[in-house]
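*Asks:* Next up, structure06.pdb (PDB, C-alpha atoms, pLDDT in the B column).
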```
ATOM      1  CA  MET A   1     -27.006   6.857   6.792  1.00 91.00           C
ATOM      2  CA  LYS A   2     -24.183   4.516   7.560  1.00 87.00           C
ATOM      3  CA  THR A   3     -21.115   5.453   9.516  1.00 90.00           C
ATOM      4  CA  LYS A   4     -17.670   4.109   8.830  1.00 92.00           C
ATOM      5  CA  PRO A   5     -14.298   4.137  10.540  1.00 95.00           C
ATOM      6  CA  VAL A   6     -11.625   6.418   9.119  1.00 97.00           C
ATOM      7  CA  LEU A   7      -7.881   6.622   9.606  1.00 98.00           C
ATOM      8  CA  THR A   8      -6.744   9.371  11.956  1.00 98.00           C
ATOM      9  CA  ALA A   9      -3.472  11.267  11.836  1.00 98.00           C
ATOM     10  CA  GLU A  10      -2.361   9.208  14.841  1.00 98.00           C
ATOM     11  CA  ASP A  11      -3.172   5.979  12.964  1.00 98.00           C
ATOM     12  CA  VAL A  12      -1.057   7.122  10.034  1.00 98.00           C
ATOM     13  CA  LYS A  13       1.866   7.899  12.342  1.00 98.00           C
ATOM     14  CA  LYS A  14       1.607   4.436  13.922  1.00 98.00           C
ATOM     15  CA  VAL A  15       1.549   2.696  10.543  1.00 98.00           C
ATOM     16  CA  LEU A  16       4.489   4.677   9.204  1.00 98.00           C
ATOM     17  CA  ALA A  17       6.543   4.145  12.370  1.00 98.00           C
ATOM     18  CA  ALA A  18       5.931   0.384  12.463  1.00 98.00           C
ATOM     19  CA  ALA A  19       6.602  -0.016   8.745  1.00 98.00           C
ATOM     20  CA  GLU A  20       9.770   2.058   9.049  1.00 98.00           C
ATOM     21  CA  ALA A  21      10.960   0.007  12.030  1.00 98.00           C
ATOM     22  CA  HIS A  22      10.421  -3.234  10.098  1.00 98.00           C
ATOM     23  CA  ALA A  23      12.289  -1.910   7.065  1.00 98.00           C
ATOM     24  CA  VAL A  24      15.189  -0.547   9.116  1.00 98.00           C
ATOM     25  CA  LYS A  25      15.470  -3.801  11.086  1.00 98.00           C
ATOM     26  CA  ASN A  26      15.960  -5.612   7.784  1.00 98.00           C
ATOM     27  CA  GLY A  27      18.226  -2.996   6.237  1.00 98.00           C
ATOM     28  CA  TRP A  28      15.731  -2.137   3.498  1.00 98.00           C
ATOM     29  CA  ALA A  29      15.694   1.342   1.945  1.00 98.00           C
ATOM     30  CA  VAL A  30      12.095   1.954   0.889  1.00 98.00           C
ATOM     31  CA  ALA A  31       9.372   4.528   0.506  1.00 98.00           C
ATOM     32  CA  ILE A  32       6.172   3.982   2.498  1.00 98.00           C
ATOM     33  CA  ALA A  33       2.827   5.642   1.776  1.00 98.00           C
ATOM     34  CA  VAL A  34      -0.499   5.552   3.604  1.00 98.00           C
ATOM     35  CA  VAL A  35      -3.714   6.547   1.827  1.00 98.00           C
ATOM     36  CA  ASP A  36      -7.374   6.798   2.799  1.00 98.00           C
ATOM     37  CA  ASP A  37     -10.167   4.748   1.243  1.00 97.00           C
ATOM     38  CA  GLY A  38     -10.305   7.136  -1.717  1.00 97.00           C
ATOM     39  CA  GLY A  39      -6.607   6.744  -2.438  1.00 97.00           C
ATOM     40  CA  HIS A  40      -5.635  10.197  -1.132  1.00 97.00           C
ATOM     41  CA  THR A  41      -2.185  10.340   0.470  1.00 97.00           C
ATOM     42  CA  LEU A  42      -2.324  10.804   4.243  1.00 98.00           C
ATOM     43  CA  GLY A  43       1.362  10.284   4.973  1.00 98.00           C
ATOM     44  CA  MET A  44       4.578   9.208   3.335  1.00 98.00           C
ATOM     45  CA  LEU A  45       8.166   8.518   4.245  1.00 98.00           C
ATOM     46  CA  ARG A  46      11.175   7.845   2.016  1.00 98.00           C
ATOM     47  CA  LEU A  47      14.012   6.245   3.921  1.00 98.00           C
ATOM     48  CA  ASP A  48      17.614   7.208   3.294  1.00 98.00           C
ATOM     49  CA  GLY A  49      18.978   5.380   0.293  1.00 98.00           C
ATOM     50  CA  ALA A  50      15.605   4.606  -1.298  1.00 98.00           C
ATOM     51  CA  ALA A  51      15.509   5.233  -5.025  1.00 97.00           C
ATOM     52  CA  PRO A  52      13.652   8.421  -5.975  1.00 97.00           C
ATOM     53  CA  VAL A  53      11.190   6.455  -8.128  1.00 97.00           C
ATOM     54  CA  SER A  54      10.055   4.642  -4.962  1.00 97.00           C
ATOM     55  CA  SER A  55       8.403   7.873  -3.809  1.00 97.00           C
ATOM     56  CA  HIS A  56       6.133   7.619  -6.855  1.00 97.00           C
ATOM     57  CA  LEU A  57       5.576   3.862  -6.754  1.00 98.00           C
ATOM     58  CA  ALA A  58       4.651   3.555  -3.060  1.00 98.00           C
ATOM     59  CA  PRO A  59       1.641   5.906  -3.187  1.00 98.00           C
ATOM     60  CA  ALA A  60       0.557   4.422  -6.531  1.00 97.00           C
ATOM     61  CA  LYS A  61       0.551   0.916  -5.027  1.00 98.00           C
ATOM     62  CA  ALA A  62      -1.364   2.178  -1.984  1.00 98.00           C
ATOM     63  CA  GLN A  63      -3.917   3.987  -4.148  1.00 98.00           C
ATOM     64  CA  THR A  64      -4.437   0.870  -6.266  1.00 97.00           C
ATOM     65  CA  ALA A  65      -5.015  -1.265  -3.154  1.00 98.00           C
ATOM     66  CA  ALA A  66      -7.425   1.258  -1.628  1.00 98.00           C
ATOM     67  CA  LEU A  67      -9.501   1.910  -4.742  1.00 97.00           C
ATOM     68  CA  GLY A  68      -9.550  -1.748  -5.773  1.00 96.00           C
ATOM     69  CA  ARG A  69     -10.247  -2.938  -2.214  1.00 97.00           C
ATOM     70  CA  ARG A  70      -7.633  -5.680  -2.650  1.00 97.00           C
ATOM     71  CA  GLU A  71      -3.900  -6.182  -2.643  1.00 97.00           C
ATOM     72  CA  SER A  72      -2.216  -4.606  -5.640  1.00 97.00           C
ATOM     73  CA  ARG A  73      -0.446  -7.906  -6.388  1.00 97.00           C
ATOM     74  CA  LEU A  74      -3.767  -9.368  -7.555  1.00 96.00           C
ATOM     75  CA  TYR A  75      -3.765  -6.976 -10.507  1.00 95.00           C
ATOM     76  CA  GLU A  76      -0.162  -7.867 -11.302  1.00 93.00           C
ATOM     77  CA  GLU A  77      -1.060 -11.566 -11.209  1.00 95.00           C
ATOM     78  CA  ALA A  78      -4.097 -11.047 -13.449  1.00 94.00           C
ATOM     79  CA  ILE A  79      -2.014  -9.153 -16.006  1.00 94.00           C
ATOM     80  CA  ASN A  80       0.738 -11.778 -15.888  1.00 94.00           C
ATOM     81  CA  ASN A  81      -1.925 -14.420 -16.536  1.00 95.00           C
ATOM     82  CA  GLY A  82      -3.112 -12.676 -19.687  1.00 95.00           C
ATOM     83  CA  ARG A  83      -5.711 -10.189 -18.414  1.00 94.00           C
ATOM     84  CA  TYR A  84      -4.034  -7.317 -20.256  1.00 93.00           C
ATOM     85  CA  ALA A  85      -7.186  -5.189 -20.197  1.00 92.00           C
ATOM     86  CA  PHE A  86      -6.294  -4.173 -16.626  1.00 87.00           C
ATOM     87  CA  LEU A  87      -3.441  -2.123 -18.101  1.00 90.00           C
ATOM     88  CA  SER A  88      -6.068   0.399 -19.216  1.00 91.00           C
ATOM     89  CA  ALA A  89      -7.923   0.570 -15.884  1.00 90.00           C
ATOM     90  CA  PRO A  90      -8.341   4.209 -14.825  1.00 91.00           C
ATOM     91  CA  LEU A  91      -6.570   5.430 -11.671  1.00 89.00           C
ATOM     92  CA  LEU A  92      -4.765   2.115 -11.108  1.00 89.00           C
ATOM     93  CA  GLN A  93      -1.143   2.951 -11.819  1.00 91.00           C
ATOM     94  CA  GLY A  94       0.443   0.813  -9.108  1.00 93.00           C
ATOM     95  CA  MET A  95      -0.514  -2.662 -10.238  1.00 93.00           C
ATOM     96  CA  LEU A  96       2.560  -4.226  -8.654  1.00 95.00           C
ATOM     97  CA  GLU A  97       2.871  -6.176  -5.422  1.00 96.00           C
ATOM     98  CA  GLY A  98       3.399  -3.965  -2.385  1.00 97.00           C
ATOM     99  CA  GLY A  99       0.013  -2.299  -1.881  1.00 98.00           C
ATOM    100  CA  VAL A 100      -2.060  -3.735   0.990  1.00 98.00           C
ATOM    101  CA  PRO A 101      -5.530  -2.533   2.018  1.00 98.00           C
ATOM    102  CA  ILE A 102      -6.287  -1.610   5.630  1.00 98.00           C
ATOM    103  CA  GLN A 103      -9.531  -3.272   6.697  1.00 97.00           C
ATOM    104  CA  ALA A 104     -11.689  -2.323   9.667  1.00 96.00           C
ATOM    105  CA  ASP A 105     -15.254  -3.266  10.559  1.00 92.00           C
ATOM    106  CA  GLY A 106     -15.681  -5.229   7.339  1.00 91.00           C
ATOM    107  CA  GLY A 107     -14.576  -2.441   5.011  1.00 94.00           C
ATOM    108  CA  VAL A 108     -11.464  -0.882   3.566  1.00 97.00           C
ATOM    109  CA  VAL A 109     -10.450   2.340   5.323  1.00 98.00           C
ATOM    110  CA  GLY A 110      -7.218   2.901   3.417  1.00 98.00           C
ATOM    111  CA  ALA A 111      -4.058   1.173   2.280  1.00 98.00           C
ATOM    112  CA  VAL A 112      -0.310   1.080   2.651  1.00 98.00           C
ATOM    113  CA  GLY A 113       2.043   1.000  -0.321  1.00 98.00           C
ATOM    114  CA  VAL A 114       5.748   0.245  -0.138  1.00 98.00           C
ATOM    115  CA  SER A 115       8.416   0.324  -2.820  1.00 98.00           C
ATOM    116  CA  GLY A 116      12.147  -0.226  -2.817  1.00 98.00           C
ATOM    117  CA  VAL A 117      12.954  -3.896  -2.285  1.00 98.00           C
ATOM    118  CA  LYS A 118      11.585  -7.184  -3.648  1.00 97.00           C
ATOM    119  CA  SER A 119       7.824  -6.948  -4.076  1.00 96.00           C
ATOM    120  CA  SER A 120       7.128  -9.610  -1.469  1.00 96.00           C
ATOM    121  CA  GLU A 121       9.280  -7.658   0.996  1.00 98.00           C
ATOM    122  CA  ASP A 122       7.435  -4.451   0.118  1.00 98.00           C
ATOM    123  CA  ALA A 123       4.163  -6.188   1.042  1.00 98.00           C
ATOM    124  CA  GLU A 124       5.738  -7.577   4.226  1.00 98.00           C
ATOM    125  CA  ILE A 125       6.649  -4.048   5.309  1.00 98.00           C
ATOM    126  CA  ALA A 126       3.136  -2.810   4.525  1.00 98.00           C
ATOM    127  CA  ARG A 127       1.596  -5.587   6.628  1.00 98.00           C
ATOM    128  CA  ALA A 128       3.954  -4.794   9.523  1.00 98.00           C
ATOM    129  CA  GLY A 129       2.740  -1.221   9.430  1.00 98.00           C
ATOM    130  CA  ILE A 130      -0.910  -2.224   9.356  1.00 98.00           C
ATOM    131  CA  ALA A 131      -0.382  -4.630  12.261  1.00 98.00           C
ATOM    132  CA  ALA A 132       0.473  -1.635  14.477  1.00 98.00           C
ATOM    133  CA  LEU A 133      -3.217  -0.651  14.332  1.00 98.00           C
ATOM    134  CA  GLY A 134      -4.238  -3.874  16.089  1.00 95.00           C
ATOM    135  CA  LEU A 135      -7.241  -4.428  13.838  1.00 90.00           C
TER     136      LEU A 135
END
```
For the file at hand, write its structure as structure tokens.
*Replies:*
Amino acid sequence: MKTKPVLTAEDVKKVLAAAEAHAVKNGWAVAIAVVDDGGHTLGMLRLDGAAPVSSHLAPAKAQTAALGRRESRLYEEAINNGRYAFLSAPLLQGMLEGGVPIQADGGVVGAVGVSGVKSSEDAEIARAGIAALGL
């Protein structure tokens, strides 16, 4: 059997805190979600002023990145370039930029999804959160 790293509760707290700090520093009201490699929510935070829909979009983006093992923006780009079949992909409801996988030891251990500002800024916040893990 193989063994694999997994996100701990402490890891999730670090990611959320770093992502929150980055968003607050920039004055961005967002929702931030962290999921495991199966797309299950491990932690979430909706900052004051974030639109309620962001609390649905952030975990969906994270789940898409975790299950697909790639940034959610790649699905958005494929669809925008005519690959409309992805719209029917099961379990991938967050095919918008802002979901970033967390990689450790050559595999995906989870993902961070952010929603609330421009998509590129959502992804920036997600990466800032992941950076707190020092991987």
*Asks:* Apply the PyMOL selection byres ((chain A and resi 72) around 6) to the displayed file and report the matching residues as a count of residues only.
*Replies:* 10
*Asks:* So what does the PyMOL selection byres ((chain A and resi 6) around 6) actually pick up in this one, as a PDB file with C-alpha atoms, in the coordinates of the input?
*Replies:*
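New file result02.pdb:
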```
ATOM      1  CA  PRO A   5     -14.298   4.137  10.540  1.00 95.00           C
ATOM      2  CA  LEU A   7      -7.881   6.622   9.606  1.00 98.00           C
ATOM      3  CA  VAL A 109     -10.450   2.340   5.323  1.00 98.00           C
TER       4      VAL A 109
END
```
*Asks:* Near Lys13 in chain A, within 10 Å and counting only C-alpha atoms, which residues show up once chain neighbours fewer than 6 positions away are dropped, as number ranges by chain?
*Replies:* A: 19, 34, 42-44, 129, 132
*Asks:* Step by step, work through what the PyMOL selection byres ((chain A and resi 36) around 12) selects in the shown file, and finish by giving those residues as number ranges by chain.
*Replies:* A: 5-9, 11-12, 33-35, 37-43, 59, 62-67, 69, 100-103, 107-113
*Asks:* Have a look at A:Val117, A:Ala78, A:Ala131, A:Ala21 and name the one nearest to Leu57 in chain A; count all atoms listed in the file.
*Replies:* A:Val117
*Asks:* Would you please work out which residue, of A:Leu16, A:Ala23, A:Gly82, A:Gln93, is nearest to Glu121 in chain A when using all atoms listed in the file?
*Replies:*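 The answer is A:Ala23, which sits nearest to Glu121 in chain A.
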*Asks:* Give the padded box for range 124-135 of chain A as AutoDock Vina command-line options: axis-aligned, covering all atoms listed in the file, 8 Å on each side, centre and edge lengths in Å to one decimal.
*Replies:*
```
--center_x -0.3 --center_y -4.1 --center_z 10.2 --size_x 29.9 --size_y 22.9 --size_z 27.9
```
